[in-house]
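Enquirer: Sharing work.pdb here; it has PDB, C-alpha atoms.
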ATOM      1  CA  MET A   1     -21.595  22.903  -8.444  1.00  0.00           C
ATOM      2  CA  THR A   2     -20.798  25.899 -10.180  1.00  0.00           C
ATOM      3  CA  VAL A   3     -18.366  28.442  -8.713  1.00  0.00           C
ATOM      4  CA  ALA A   4     -17.937  31.986  -9.834  1.00  0.00           C
ATOM      5  CA  VAL A   5     -15.285  34.573  -9.115  1.00  0.00           C
ATOM      6  CA  THR A   6     -16.233  36.154 -12.400  1.00  0.00           C
ATOM      7  CA  ALA A   7     -19.547  37.979 -12.578  1.00  0.00           C
ATOM      8  CA  PHE A   8     -22.777  36.122 -13.345  1.00  0.00           C
ATOM      9  CA  GLY A   9     -23.863  38.850 -15.723  1.00  0.00           C
ATOM     10  CA  ALA A  10     -25.443  42.030 -14.426  1.00  0.00           C
ATOM     11  CA  LEU A  11     -27.751  40.116 -12.121  1.00  0.00           C
ATOM     12  CA  LEU A  12     -25.015  38.135 -10.353  1.00  0.00           C
ATOM     13  CA  ALA A  13     -22.209  40.634 -10.504  1.00  0.00           C
ATOM     14  CA  THR A  14     -21.207  39.883  -6.922  1.00  0.00           C
ATOM     15  CA  VAL A  15     -22.057  36.172  -6.686  1.00  0.00           C
ATOM     16  CA  PRO A  16     -19.259  33.601  -6.983  1.00  0.00           C
ATOM     17  CA  ALA A  17     -20.610  30.121  -7.705  1.00  0.00           C
ATOM     18  CA  CYS A  18     -18.937  26.862  -8.654  1.00  0.00           C
ATOM     19  CA  GLY A  19     -15.200  27.227  -8.958  1.00  0.00           C
ATOM     20  CA  GLY A  20     -15.049  30.727 -10.284  1.00  0.00           C
ATOM     21  CA  GLN A  21     -16.945  29.995 -13.474  1.00  0.00           C
ATOM     22  CA  ALA A  22     -20.613  30.227 -14.284  1.00  0.00           C
ATOM     23  CA  SER A  23     -22.183  26.812 -14.078  1.00  0.00           C
ATOM     24  CA  GLY A  24     -23.931  26.948 -17.433  1.00  0.00           C
ATOM     25  CA  PRO A  25     -24.609  23.953 -19.653  1.00  0.00           C
ATOM     26  CA  ALA A  26     -21.856  21.356 -19.602  1.00  0.00           C
ATOM     27  CA  ARG A  27     -19.597  21.253 -22.629  1.00  0.00           C
ATOM     28  CA  THR A  28     -18.097  17.870 -21.809  1.00  0.00           C
ATOM     29  CA  GLY A  29     -18.918  14.851 -19.703  1.00  0.00           C
ATOM     30  CA  GLY A  30     -22.003  12.707 -19.614  1.00  0.00           C
ATOM     31  CA  GLU A  31     -25.125  12.423 -17.552  1.00  0.00           C
ATOM     32  CA  GLY A  32     -24.544  10.611 -14.295  1.00  0.00           C
ATOM     33  CA  PRO A  33     -26.736   8.093 -12.503  1.00  0.00           C
ATOM     34  CA  ARG A  34     -30.208   9.303 -11.756  1.00  0.00           C
ATOM     35  CA  GLY A  35     -32.778   8.200  -9.222  1.00  0.00           C
ATOM     36  CA  GLN A  36     -35.412   9.364  -6.797  1.00  0.00           C
ATOM     37  CA  VAL A  37     -34.183  10.115  -3.292  1.00  0.00           C
ATOM     38  CA  PRO A  38     -36.541   9.105  -0.481  1.00  0.00           C
ATOM     39  CA  GLY A  39     -37.134  11.440   2.419  1.00  0.00           C
ATOM     40  CA  SER A  40     -35.094   9.298   4.818  1.00  0.00           C
ATOM     41  CA  PRO A  41     -32.867   7.200   2.525  1.00  0.00           C
ATOM     42  CA  ALA A  42     -30.809   4.312   3.845  1.00  0.00           C
ATOM     43  CA  ALA A  43     -27.283   4.060   2.500  1.00  0.00           C
ATOM     44  CA  ARG A  44     -26.390   0.844   0.725  1.00  0.00           C
ATOM     45  CA  THR A  45     -22.682   0.690   1.334  1.00  0.00           C
ATOM     46  CA  ALA A  46     -20.406  -2.335   1.383  1.00  0.00           C
ATOM     47  CA  PRO A  47     -19.483  -3.607   4.850  1.00  0.00           C
ATOM     48  CA  THR A  48     -16.201  -2.312   6.177  1.00  0.00           C
ATOM     49  CA  ALA A  49     -13.785  -4.351   8.285  1.00  0.00           C
ATOM     50  CA  ASP A  50     -13.140  -1.365  10.549  1.00  0.00           C
ATOM     51  CA  PRO A  51     -16.274   0.598  11.542  1.00  0.00           C
ATOM     52  CA  THR A  52     -14.096   3.328  13.048  1.00  0.00           C
ATOM     53  CA  ARG A  53     -13.004   4.284   9.519  1.00  0.00           C
ATOM     54  CA  ILE A  54     -15.021   5.761   6.667  1.00  0.00           C
ATOM     55  CA  PRO A  55     -14.998   3.316   3.735  1.00  0.00           C
ATOM     56  CA  GLY A  56     -12.740   4.283   0.853  1.00  0.00           C
ATOM     57  CA  ILE A  57     -10.964   7.082   2.739  1.00  0.00           C
ATOM     58  CA  GLY A  58      -7.214   6.604   3.238  1.00  0.00           C
ATOM     59  CA  ASP A  59      -5.043   7.759   6.099  1.00  0.00           C
ATOM     60  CA  ARG A  60      -4.045  11.085   4.523  1.00  0.00           C
ATOM     61  CA  LEU A  61      -7.556  12.510   4.328  1.00  0.00           C
ATOM     62  CA  LEU A  62      -8.830  10.625   7.359  1.00  0.00           C
ATOM     63  CA  GLN A  63      -6.293  12.513   9.467  1.00  0.00           C
ATOM     64  CA  GLU A  64      -7.621  15.827   8.119  1.00  0.00           C
ATOM     65  CA  ILE A  65     -11.142  15.207   9.431  1.00  0.00           C
ATOM     66  CA  PRO A  66     -11.447  17.276  12.634  1.00  0.00           C
ATOM     67  CA  ARG A  67     -11.594  15.189  15.794  1.00  0.00           C
ATOM     68  CA  ASP A  68     -14.814  16.924  16.824  1.00  0.00           C
ATOM     69  CA  SER A  69     -16.568  16.245  13.501  1.00  0.00           C
ATOM     70  CA  GLY A  70     -19.588  13.967  13.850  1.00  0.00           C
ATOM     71  CA  GLN A  71     -20.953  14.263  10.288  1.00  0.00           C
ATOM     72  CA  VAL A  72     -19.059  13.547   7.064  1.00  0.00           C
ATOM     73  CA  LEU A  73     -20.416  13.820   3.537  1.00  0.00           C
ATOM     74  CA  ALA A  74     -18.095  11.610   1.480  1.00  0.00           C
ATOM     75  CA  VAL A  75     -18.223  12.352  -2.263  1.00  0.00           C
ATOM     76  CA  TYR A  76     -16.744   9.431  -4.198  1.00  0.00           C
ATOM     77  CA  GLY A  77     -15.796  10.477  -7.728  1.00  0.00           C
ATOM     78  CA  GLN A  78     -16.073   7.806 -10.412  1.00  0.00           C
ATOM     79  CA  GLY A  79     -12.722   8.771 -11.913  1.00  0.00           C
ATOM     80  CA  GLU A  80     -10.126  11.525 -12.085  1.00  0.00           C
ATOM     81  CA  ASP A  81     -11.616  12.902 -15.310  1.00  0.00           C
ATOM     82  CA  SER A  82     -15.266  11.956 -14.716  1.00  0.00           C
ATOM     83  CA  PRO A  83     -18.166  14.306 -13.780  1.00  0.00           C
ATOM     84  CA  ASP A  84     -20.070  11.453 -12.106  1.00  0.00           C
ATOM     85  CA  SER A  85     -19.909  10.693  -8.399  1.00  0.00           C
ATOM     86  CA  THR A  86     -21.790   9.304  -5.411  1.00  0.00           C
ATOM     87  CA  ALA A  87     -22.293  11.043  -2.058  1.00  0.00           C
ATOM     88  CA  VAL A  88     -22.751   9.173   1.220  1.00  0.00           C
ATOM     89  CA  LEU A  89     -23.579  10.895   4.507  1.00  0.00           C
ATOM     90  CA  TYR A  90     -21.954   9.298   7.555  1.00  0.00           C
ATOM     91  CA  THR A  91     -22.561  10.106  11.214  1.00  0.00           C
ATOM     92  CA  ARG A  92     -20.282   9.229  14.102  1.00  0.00           C
ATOM     93  CA  GLU A  93     -21.766   7.156  16.912  1.00  0.00           C
ATOM     94  CA  GLY A  94     -19.111   6.797  19.565  1.00  0.00           C
ATOM     95  CA  ALA A  95     -16.037   5.591  17.704  1.00  0.00           C
ATOM     96  CA  ARG A  96     -18.034   4.161  14.792  1.00  0.00           C
ATOM     97  CA  TRP A  97     -19.120   5.768  11.537  1.00  0.00           C
ATOM     98  CA  ARG A  98     -22.613   4.849  10.340  1.00  0.00           C
ATOM     99  CA  PRO A  99     -23.881   5.460   6.773  1.00  0.00           C
ATOM    100  CA  VAL A 100     -27.148   7.420   6.827  1.00  0.00           C
ATOM    101  CA  ALA A 101     -27.971   8.275   3.225  1.00  0.00           C
ATOM    102  CA  ARG A 102     -26.616   7.825  -0.298  1.00  0.00           C
ATOM    103  CA  TRP A 103     -27.241   9.793  -3.518  1.00  0.00           C
ATOM    104  CA  PRO A 104     -26.015   9.990  -7.130  1.00  0.00           C
ATOM    105  CA  THR A 105     -24.173  13.284  -7.668  1.00  0.00           C
ATOM    106  CA  HIS A 106     -22.179  15.262 -10.203  1.00  0.00           C
ATOM    107  CA  ASN A 107     -18.882  17.096  -9.763  1.00  0.00           C
ATOM    108  CA  GLY A 108     -16.691  19.238 -12.027  1.00  0.00           C
ATOM    109  CA  ARG A 109     -17.265  18.405 -15.679  1.00  0.00           C
ATOM    110  CA  ASN A 110     -13.537  17.729 -16.144  1.00  0.00           C
ATOM    111  CA  GLY A 111     -13.282  15.639 -12.981  1.00  0.00           C
ATOM    112  CA  TRP A 112     -11.075  16.267  -9.919  1.00  0.00           C
ATOM    113  CA  THR A 113      -7.801  17.964  -8.983  1.00  0.00           C
ATOM    114  CA  THR A 114      -5.532  18.338  -5.965  1.00  0.00           C
ATOM    115  CA  ASP A 115      -4.523  21.798  -7.258  1.00  0.00           C
ATOM    116  CA  HIS A 116      -7.721  23.583  -8.230  1.00  0.00           C
ATOM    117  CA  HIS A 117      -7.509  26.814 -10.218  1.00  0.00           C
ATOM    118  CA  LEU A 118     -10.118  29.178 -11.575  1.00  0.00           C
ATOM    119  CA  GLY A 119     -11.575  27.862 -14.823  1.00  0.00           C
ATOM    120  CA  ASP A 120     -10.156  24.326 -14.778  1.00  0.00           C
ATOM    121  CA  GLU A 121     -13.686  22.926 -14.352  1.00  0.00           C
ATOM    122  CA  ARG A 122     -12.440  20.338 -11.853  1.00  0.00           C
ATOM    123  CA  SER A 123     -13.624  19.909  -8.276  1.00  0.00           C
ATOM    124  CA  PRO A 124     -10.995  20.198  -5.545  1.00  0.00           C
ATOM    125  CA  VAL A 125      -9.928  17.078  -3.651  1.00  0.00           C
ATOM    126  CA  GLY A 126      -9.801  17.389   0.116  1.00  0.00           C
ATOM    127  CA  VAL A 127     -11.581  17.831   3.425  1.00  0.00           C
ATOM    128  CA  PHE A 128     -13.707  20.972   3.678  1.00  0.00           C
ATOM    129  CA  GLY A 129     -16.121  22.360   6.245  1.00  0.00           C
ATOM    130  CA  LEU A 130     -19.841  22.723   5.541  1.00  0.00           C
ATOM    131  CA  SER A 131     -20.660  25.828   7.536  1.00  0.00           C
ATOM    132  CA  ASP A 132     -23.086  28.101   5.652  1.00  0.00           C
ATOM    133  CA  ALA A 133     -26.152  27.728   3.449  1.00  0.00           C
ATOM    134  CA  GLY A 134     -28.537  29.824   1.405  1.00  0.00           C
ATOM    135  CA  GLY A 135     -30.490  29.963  -1.806  1.00  0.00           C
ATOM    136  CA  VAL A 136     -33.417  31.330  -3.743  1.00  0.00           C
ATOM    137  CA  LEU A 137     -35.954  29.398  -1.672  1.00  0.00           C
ATOM    138  CA  ALA A 138     -36.843  29.936   1.960  1.00  0.00           C
ATOM    139  CA  ASP A 139     -34.989  28.091   4.703  1.00  0.00           C
ATOM    140  CA  PRO A 140     -36.360  24.510   4.707  1.00  0.00           C
ATOM    141  CA  GLY A 141     -35.539  24.052   8.389  1.00  0.00           C
ATOM    142  CA  THR A 142     -31.759  23.911   8.605  1.00  0.00           C
ATOM    143  CA  ARG A 143     -29.577  24.524  11.643  1.00  0.00           C
ATOM    144  CA  LEU A 144     -26.865  25.976   9.415  1.00  0.00           C
ATOM    145  CA  PRO A 145     -26.824  29.771   9.018  1.00  0.00           C
ATOM    146  CA  TYR A 146     -29.126  30.333   6.033  1.00  0.00           C
ATOM    147  CA  ASP A 147     -29.072  33.289   3.630  1.00  0.00           C
ATOM    148  CA  GLN A 148     -32.162  33.602   1.435  1.00  0.00           C
ATOM    149  CA  ASP A 149     -31.683  36.049  -1.414  1.00  0.00           C
ATOM    150  CA  GLU A 150     -33.618  35.573  -4.656  1.00  0.00           C
ATOM    151  CA  GLU A 151     -31.400  37.953  -6.626  1.00  0.00           C
ATOM    152  CA  ALA A 152     -28.022  36.822  -5.294  1.00  0.00           C
ATOM    153  CA  TYR A 153     -28.670  33.153  -6.091  1.00  0.00           C
ATOM    154  CA  ALA A 154     -30.818  33.419  -9.234  1.00  0.00           C
ATOM    155  CA  PRO A 155     -28.990  32.033 -12.313  1.00  0.00           C
ATOM    156  CA  PRO A 156     -29.034  34.255 -15.412  1.00  0.00           C
ATOM    157  CA  ASN A 157     -31.921  33.543 -17.759  1.00  0.00           C
ATOM    158  CA  ASP A 158     -29.554  32.811 -20.648  1.00  0.00           C
ATOM    159  CA  TRP A 159     -28.269  29.687 -18.895  1.00  0.00           C
ATOM    160  CA  GLY A 160     -31.331  27.853 -20.150  1.00  0.00           C
ATOM    161  CA  GLU A 161     -34.236  26.167 -18.420  1.00  0.00           C
ATOM    162  CA  ALA A 162     -32.193  23.225 -17.105  1.00  0.00           C
ATOM    163  CA  HIS A 163     -30.158  25.573 -14.892  1.00  0.00           C
ATOM    164  CA  GLN A 164     -32.845  27.881 -13.544  1.00  0.00           C
ATOM    165  CA  HIS A 165     -33.144  26.026 -10.233  1.00  0.00           C
ATOM    166  CA  ASP A 166     -29.452  25.206  -9.647  1.00  0.00           C
ATOM    167  CA  PHE A 167     -29.216  27.543  -6.666  1.00  0.00           C
ATOM    168  CA  ASP A 168     -32.644  27.093  -5.107  1.00  0.00           C
ATOM    169  CA  TYR A 169     -30.630  25.606  -2.225  1.00  0.00           C
ATOM    170  CA  VAL A 170     -26.867  25.801  -1.743  1.00  0.00           C
ATOM    171  CA  ILE A 171     -24.441  24.756   0.976  1.00  0.00           C
ATOM    172  CA  ALA A 172     -21.036  26.397   0.835  1.00  0.00           C
ATOM    173  CA  ILE A 173     -18.029  24.084   0.695  1.00  0.00           C
ATOM    174  CA  ASP A 174     -15.300  25.817   2.707  1.00  0.00           C
ATOM    175  CA  TYR A 175     -12.711  25.953  -0.064  1.00  0.00           C
ATOM    176  CA  ASN A 176     -10.963  29.350  -0.394  1.00  0.00           C
ATOM    177  CA  ARG A 177     -13.707  31.195   1.460  1.00  0.00           C
ATOM    178  CA  VAL A 178     -14.365  32.728   4.867  1.00  0.00           C
ATOM    179  CA  PRO A 179     -16.598  30.454   6.980  1.00  0.00           C
ATOM    180  CA  GLY A 180     -19.392  32.307   8.711  1.00  0.00           C
ATOM    181  CA  THR A 181     -20.244  34.424   5.661  1.00  0.00           C
ATOM    182  CA  PRO A 182     -23.075  33.892   3.137  1.00  0.00           C
ATOM    183  CA  PRO A 183     -22.208  31.405   0.363  1.00  0.00           C
ATOM    184  CA  HIS A 184     -22.211  34.209  -2.224  1.00  0.00           C
ATOM    185  CA  ASP A 185     -19.529  36.213  -0.377  1.00  0.00           C
ATOM    186  CA  ALA A 186     -16.700  36.783  -2.881  1.00  0.00           C
ATOM    187  CA  THR A 187     -13.776  36.935  -0.436  1.00  0.00           C
ATOM    188  CA  ARG A 188     -10.981  34.585  -1.579  1.00  0.00           C
ATOM    189  CA  PRO A 189      -8.284  34.275   1.141  1.00  0.00           C
ATOM    190  CA  GLU A 190      -5.916  32.359  -1.192  1.00  0.00           C
ATOM    191  CA  GLY A 191      -6.502  34.698  -4.137  1.00  0.00           C
ATOM    192  CA  ASP A 192      -8.865  34.658  -7.086  1.00  0.00           C
ATOM    193  CA  ASP A 193      -6.690  32.307  -9.163  1.00  0.00           C
ATOM    194  CA  LYS A 194      -7.455  29.477  -6.710  1.00  0.00           C
ATOM    195  CA  GLY A 195     -11.165  29.739  -7.514  1.00  0.00           C
ATOM    196  CA  GLY A 196     -13.953  29.763  -4.976  1.00  0.00           C
ATOM    197  CA  GLY A 197     -17.699  29.819  -4.526  1.00  0.00           C
ATOM    198  CA  ILE A 198     -17.734  26.011  -4.583  1.00  0.00           C
ATOM    199  CA  TRP A 199     -21.085  24.753  -3.364  1.00  0.00           C
ATOM    200  CA  LEU A 200     -23.362  21.814  -2.921  1.00  0.00           C
ATOM    201  CA  HIS A 201     -26.357  22.737  -5.063  1.00  0.00           C
ATOM    202  CA  LEU A 202     -29.234  21.290  -7.081  1.00  0.00           C
ATOM    203  CA  ASP A 203     -28.361  18.931  -9.900  1.00  0.00           C
ATOM    204  CA  HIS A 204     -29.048  19.780 -13.546  1.00  0.00           C
ATOM    205  CA  GLY A 205     -28.145  16.363 -14.946  1.00  0.00           C
ATOM    206  CA  ASP A 206     -24.499  16.871 -15.865  1.00  0.00           C
ATOM    207  CA  GLY A 207     -21.082  18.052 -14.670  1.00  0.00           C
ATOM    208  CA  THR A 208     -20.482  21.462 -13.090  1.00  0.00           C
ATOM    209  CA  SER A 209     -17.706  24.036 -13.113  1.00  0.00           C
ATOM    210  CA  ALA A 210     -16.375  22.713  -9.771  1.00  0.00           C
ATOM    211  CA  CYS A 211     -19.350  22.313  -7.423  1.00  0.00           C
ATOM    212  CA  VAL A 212     -21.082  19.106  -6.325  1.00  0.00           C
ATOM    213  CA  SER A 213     -24.723  18.817  -7.368  1.00  0.00           C
ATOM    214  CA  LEU A 214     -27.502  16.691  -5.876  1.00  0.00           C
ATOM    215  CA  ALA A 215     -31.255  16.201  -6.348  1.00  0.00           C
ATOM    216  CA  LYS A 216     -33.547  18.625  -4.528  1.00  0.00           C
ATOM    217  CA  ASP A 217     -34.710  15.973  -2.053  1.00  0.00           C
ATOM    218  CA  ALA A 218     -31.087  15.240  -1.193  1.00  0.00           C
ATOM    219  CA  MET A 219     -30.321  18.915  -0.609  1.00  0.00           C
ATOM    220  CA  GLU A 220     -33.359  19.267   1.630  1.00  0.00           C
ATOM    221  CA  PHE A 221     -32.303  16.184   3.587  1.00  0.00           C
ATOM    222  CA  LEU A 222     -28.785  17.565   4.079  1.00  0.00           C
ATOM    223  CA  LEU A 223     -30.045  20.998   5.083  1.00  0.00           C
ATOM    224  CA  ARG A 224     -32.301  19.471   7.718  1.00  0.00           C
ATOM    225  CA  THR A 225     -29.687  16.991   8.938  1.00  0.00           C
ATOM    226  CA  LEU A 226     -26.359  18.823   9.042  1.00  0.00           C
ATOM    227  CA  ASP A 227     -25.742  20.230  12.503  1.00  0.00           C
ATOM    228  CA  PRO A 228     -23.128  22.942  13.150  1.00  0.00           C
ATOM    229  CA  ALA A 229     -22.664  21.506  16.646  1.00  0.00           C
ATOM    230  CA  ARG A 230     -21.341  18.327  14.994  1.00  0.00           C
ATOM    231  CA  HIS A 231     -18.909  20.248  12.762  1.00  0.00           C
ATOM    232  CA  PRO A 232     -19.920  18.660   9.425  1.00  0.00           C
ATOM    233  CA  VAL A 233     -17.331  18.329   6.675  1.00  0.00           C
ATOM    234  CA  ALA A 234     -17.172  17.108   3.095  1.00  0.00           C
ATOM    235  CA  VAL A 235     -14.456  14.617   2.120  1.00  0.00           C
ATOM    236  CA  MET A 236     -14.386  14.638  -1.665  1.00  0.00           C
ATOM    237  CA  GLY A 237     -12.375  13.446  -4.614  1.00  0.00           C
ATOM    238  CA  ASP A 238     -12.003  10.668  -7.153  1.00  0.00           C
ATOM    239  CA  ARG A 239     -11.944   7.209  -5.598  1.00  0.00           C
ATOM    240  CA  ALA A 240      -8.262   6.589  -6.307  1.00  0.00           C
ATOM    241  CA  GLU A 241      -7.194   9.844  -4.666  1.00  0.00           C
ATOM    242  CA  LEU A 242      -9.477   9.309  -1.700  1.00  0.00           C
ATOM    243  CA  ARG A 243      -7.869   5.943  -0.934  1.00  0.00           C
ATOM    244  CA  VAL A 244      -4.341   7.381  -0.613  1.00  0.00           C
TER     245      VAL A 244
END
In structure tokens, what does this structure look like?
Expert:
Amino acid sequence: MTVAVTAFGALLATVPACGGQASGPARTGGEGPRGQVPGSPAARTAPTADPTRIPGIGDRLLQEIPRDSGQVLAVYGQGEDSPDSTAVLYTREGARWRPVARWPTHNGRNGWTTDHHLGDERSPVGVFGLSDAGGVLADPGTRLPYDQDEEAYAPPNDWGEAHQHDFDYVIAIDYNRVPGTPPHDATRPEGDDKGGGIWLHLDHGDGTSACVSLAKDAMEFLLRTLDPARHPVAVMGDRAELRV
């Protein structure tokens, strides 16, 4: 995910994406797990003793999930300083959480932080709403508000070929932003130093500036599955921090 409070060149002068920094080629970190994502993937998660809890999520973050939330995208970071992670979509059925889909993902190229700041190239740990979407491509059939804008979401040409489709689809992660606005809206309620423009977006094979990146099939699946009526949220962080 690549967040920008700084300008993306002349073309993206008003578009914040991935933690306040342009998401260009990674300078550190390695390529994460890769794999094709089926249209309706089944999550392969370890059994949990308590189906009313989301595996690997401790009491602190579990209590931050809104009571009316019926969809949780859990992003399990491999390590505090790792750009590699795994995302699992859970849906609530009564009091039980059921895994629906699982994908390899990438996060900030420097890992994770509980105190994100502009330019640290770490993804923020926490529970965040997933309320708005957009991208270069047309709406694939999402129930989220969708903002198509080829210019607003087009990466600069000098980012290189690997990054030219990063923002074909994006879902805003509600960190330091105003829900109900397009993902590229630059308003930062907590100030620019706290970063912003942190998105779910298409993967380019390595770490980001702060966003979470997934394969195109995974993004399409999320866009078609996330339902505003179920108040979807992302619970994200390195595994050790998530367990607290």
Enquirer: Would you tabulate, counting only C-alpha atoms, all residues of range 195-217 of chain A that have an atom at most 12 Å from an atom of range 224-237 of chain A, showing the closest pair of atoms and their distance in Å to one decimal, sorted by chain then ascending number, as a tab-separated table?
Expert:
residue	atom	partner	partner_atom	distance
A:Ile198	CA	A:Ala234	CA	11.8
A:Trp199	CA	A:Ala234	CA	10.7
A:Leu200	CA	A:Ala234	CA	9.8
A:Ala210	CA	A:Gly237	CA	11.3
A:Cys211	CA	A:Met236	CA	10.8
A:Val212	CA	A:Met236	CA	9.3
A:Asp217	CA	A:Arg224	CA	10.7
Enquirer: Do a neighbour search on Asp139 in chain A at 12 Å with all atoms listed in the file, toss out local chain neighbours closer than 2 positions, and write the hits as a VMD selection string.
Expert: chain A and resid 132 to 137 141 to 149 168 to 171 219 to 220 223 to 224
Enquirer: CA of Pro51 in chain A and CA of Ala95 in chain A are how many Å apart?
Expert: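 Going from CA of Pro51 in chain A over to CA of Ala95 in chain A, I get 7.9 Å.
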Enquirer: List the residues selected by the PyMOL selection byres ((chain A and resi 78-81) around 12) in the file shown, writing them as a PDB file with C-alpha atoms, in the frame of the given file.
Expert:
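Done, and the output landed in result-v3.pdb:
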ATOM      1  CA  THR A  28     -18.097  17.870 -21.809  1.00  0.00           C
ATOM      2  CA  GLY A  29     -18.918  14.851 -19.703  1.00  0.00           C
ATOM      3  CA  GLY A  30     -22.003  12.707 -19.614  1.00  0.00           C
ATOM      4  CA  GLY A  32     -24.544  10.611 -14.295  1.00  0.00           C
ATOM      5  CA  PRO A  33     -26.736   8.093 -12.503  1.00  0.00           C
ATOM      6  CA  VAL A  75     -18.223  12.352  -2.263  1.00  0.00           C
ATOM      7  CA  TYR A  76     -16.744   9.431  -4.198  1.00  0.00           C
ATOM      8  CA  GLY A  77     -15.796  10.477  -7.728  1.00  0.00           C
ATOM      9  CA  SER A  82     -15.266  11.956 -14.716  1.00  0.00           C
ATOM     10  CA  PRO A  83     -18.166  14.306 -13.780  1.00  0.00           C
ATOM     11  CA  ASP A  84     -20.070  11.453 -12.106  1.00  0.00           C
ATOM     12  CA  SER A  85     -19.909  10.693  -8.399  1.00  0.00           C
ATOM     13  CA  THR A  86     -21.790   9.304  -5.411  1.00  0.00           C
ATOM     14  CA  ALA A  87     -22.293  11.043  -2.058  1.00  0.00           C
ATOM     15  CA  PRO A 104     -26.015   9.990  -7.130  1.00  0.00           C
ATOM     16  CA  THR A 105     -24.173  13.284  -7.668  1.00  0.00           C
ATOM     17  CA  HIS A 106     -22.179  15.262 -10.203  1.00  0.00           C
ATOM     18  CA  ASN A 107     -18.882  17.096  -9.763  1.00  0.00           C
ATOM     19  CA  GLY A 108     -16.691  19.238 -12.027  1.00  0.00           C
ATOM     20  CA  ARG A 109     -17.265  18.405 -15.679  1.00  0.00           C
ATOM     21  CA  ASN A 110     -13.537  17.729 -16.144  1.00  0.00           C
ATOM     22  CA  GLY A 111     -13.282  15.639 -12.981  1.00  0.00           C
ATOM     23  CA  TRP A 112     -11.075  16.267  -9.919  1.00  0.00           C
ATOM     24  CA  THR A 113      -7.801  17.964  -8.983  1.00  0.00           C
ATOM     25  CA  THR A 114      -5.532  18.338  -5.965  1.00  0.00           C
ATOM     26  CA  ASP A 120     -10.156  24.326 -14.778  1.00  0.00           C
ATOM     27  CA  GLU A 121     -13.686  22.926 -14.352  1.00  0.00           C
ATOM     28  CA  ARG A 122     -12.440  20.338 -11.853  1.00  0.00           C
ATOM     29  CA  SER A 123     -13.624  19.909  -8.276  1.00  0.00           C
ATOM     30  CA  PRO A 124     -10.995  20.198  -5.545  1.00  0.00           C
ATOM     31  CA  VAL A 125      -9.928  17.078  -3.651  1.00  0.00           C
ATOM     32  CA  GLY A 207     -21.082  18.052 -14.670  1.00  0.00           C
ATOM     33  CA  MET A 236     -14.386  14.638  -1.665  1.00  0.00           C
ATOM     34  CA  GLY A 237     -12.375  13.446  -4.614  1.00  0.00           C
ATOM     35  CA  ASP A 238     -12.003  10.668  -7.153  1.00  0.00           C
ATOM     36  CA  ARG A 239     -11.944   7.209  -5.598  1.00  0.00           C
ATOM     37  CA  ALA A 240      -8.262   6.589  -6.307  1.00  0.00           C
ATOM     38  CA  GLU A 241      -7.194   9.844  -4.666  1.00  0.00           C
ATOM     39  CA  LEU A 242      -9.477   9.309  -1.700  1.00  0.00           C
TER      40      LEU A 242
END
Enquirer: Record the distance separating CA of Gly56 in chain A and CA of His117 in chain A, expressed in Å with one decimal.
Expert: 25.6 Å
Enquirer: Which residue out of A:Arg243, A:His201, A:Arg102, A:Arg60 has the minimum interatomic distance to Pro183 in chain A when only C-alpha atoms are used?
Expert: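 Result for the nearest residue to Pro183 in chain A: A:His201.
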Enquirer: On this structure, which residues satisfy the PyMOL selection byres ((chain A and resi 157-163) around 6), written as an MDAnalysis selection string?
Expert: chainID A and resid 24 156 164:166 204
Enquirer: Tell me which residues the PyMOL selection byres ((chain A and resi 192) around 9) grabs here, as JSON, numbers by chain.
Expert: {"A": [5, 20, 117, 118, 176, 187, 188, 189, 190, 191, 193, 194, 195, 196]}
Enquirer: Model the absent atoms of range 95-101 of chain A so that N, CA, C and O atoms are present, and write the result as an mmCIF file, in the coordinates of the input.
Expert:
data_model
loop_
_atom_site.group_PDB
_atom_site.id
_atom_site.type_symbol
_atom_site.label_atom_id
_atom_site.label_comp_id
_atom_site.auth_asym_id
_atom_site.auth_seq_id
_atom_site.Cartn_x
_atom_site.Cartn_y
_atom_site.Cartn_z
ATOM 1 N N ALA A 95 -17.221 5.676 18.563
ATOM 2 C CA ALA A 95 -16.037 5.591 17.704
ATOM 3 C C ALA A 95 -16.377 5.087 16.306
ATOM 4 O O ALA A 95 -15.492 4.984 15.457
ATOM 5 N N ARG A 96 -17.639 4.777 16.055
ATOM 6 C CA ARG A 96 -18.034 4.161 14.792
ATOM 7 C C ARG A 96 -18.703 5.166 13.855
ATOM 8 O O ARG A 96 -19.419 6.064 14.302
ATOM 9 N N TRP A 97 -18.458 4.969 12.565
ATOM 10 C CA TRP A 97 -19.120 5.768 11.537
ATOM 11 C C TRP A 97 -20.252 4.949 10.918
ATOM 12 O O TRP A 97 -20.037 3.822 10.492
ATOM 13 N N ARG A 98 -21.437 5.541 10.873
ATOM 14 C CA ARG A 98 -22.613 4.849 10.340
ATOM 15 C C ARG A 98 -23.117 5.555 9.090
ATOM 16 O O ARG A 98 -23.340 6.763 9.107
ATOM 17 N N PRO A 99 -23.304 4.830 7.969
ATOM 18 C CA PRO A 99 -23.881 5.460 6.773
ATOM 19 C C PRO A 99 -25.361 5.763 6.987
ATOM 20 O O PRO A 99 -26.117 4.924 7.475
ATOM 21 N N VAL A 100 -25.775 6.969 6.612
ATOM 22 C CA VAL A 100 -27.148 7.420 6.827
ATOM 23 C C VAL A 100 -27.922 7.530 5.524
ATOM 24 O O VAL A 100 -29.094 7.167 5.457
ATOM 25 N N ALA A 101 -27.280 8.047 4.487
ATOM 26 C CA ALA A 101 -27.971 8.275 3.225
ATOM 27 C C ALA A 101 -26.973 8.271 2.079
ATOM 28 O O ALA A 101 -25.793 8.556 2.269
#
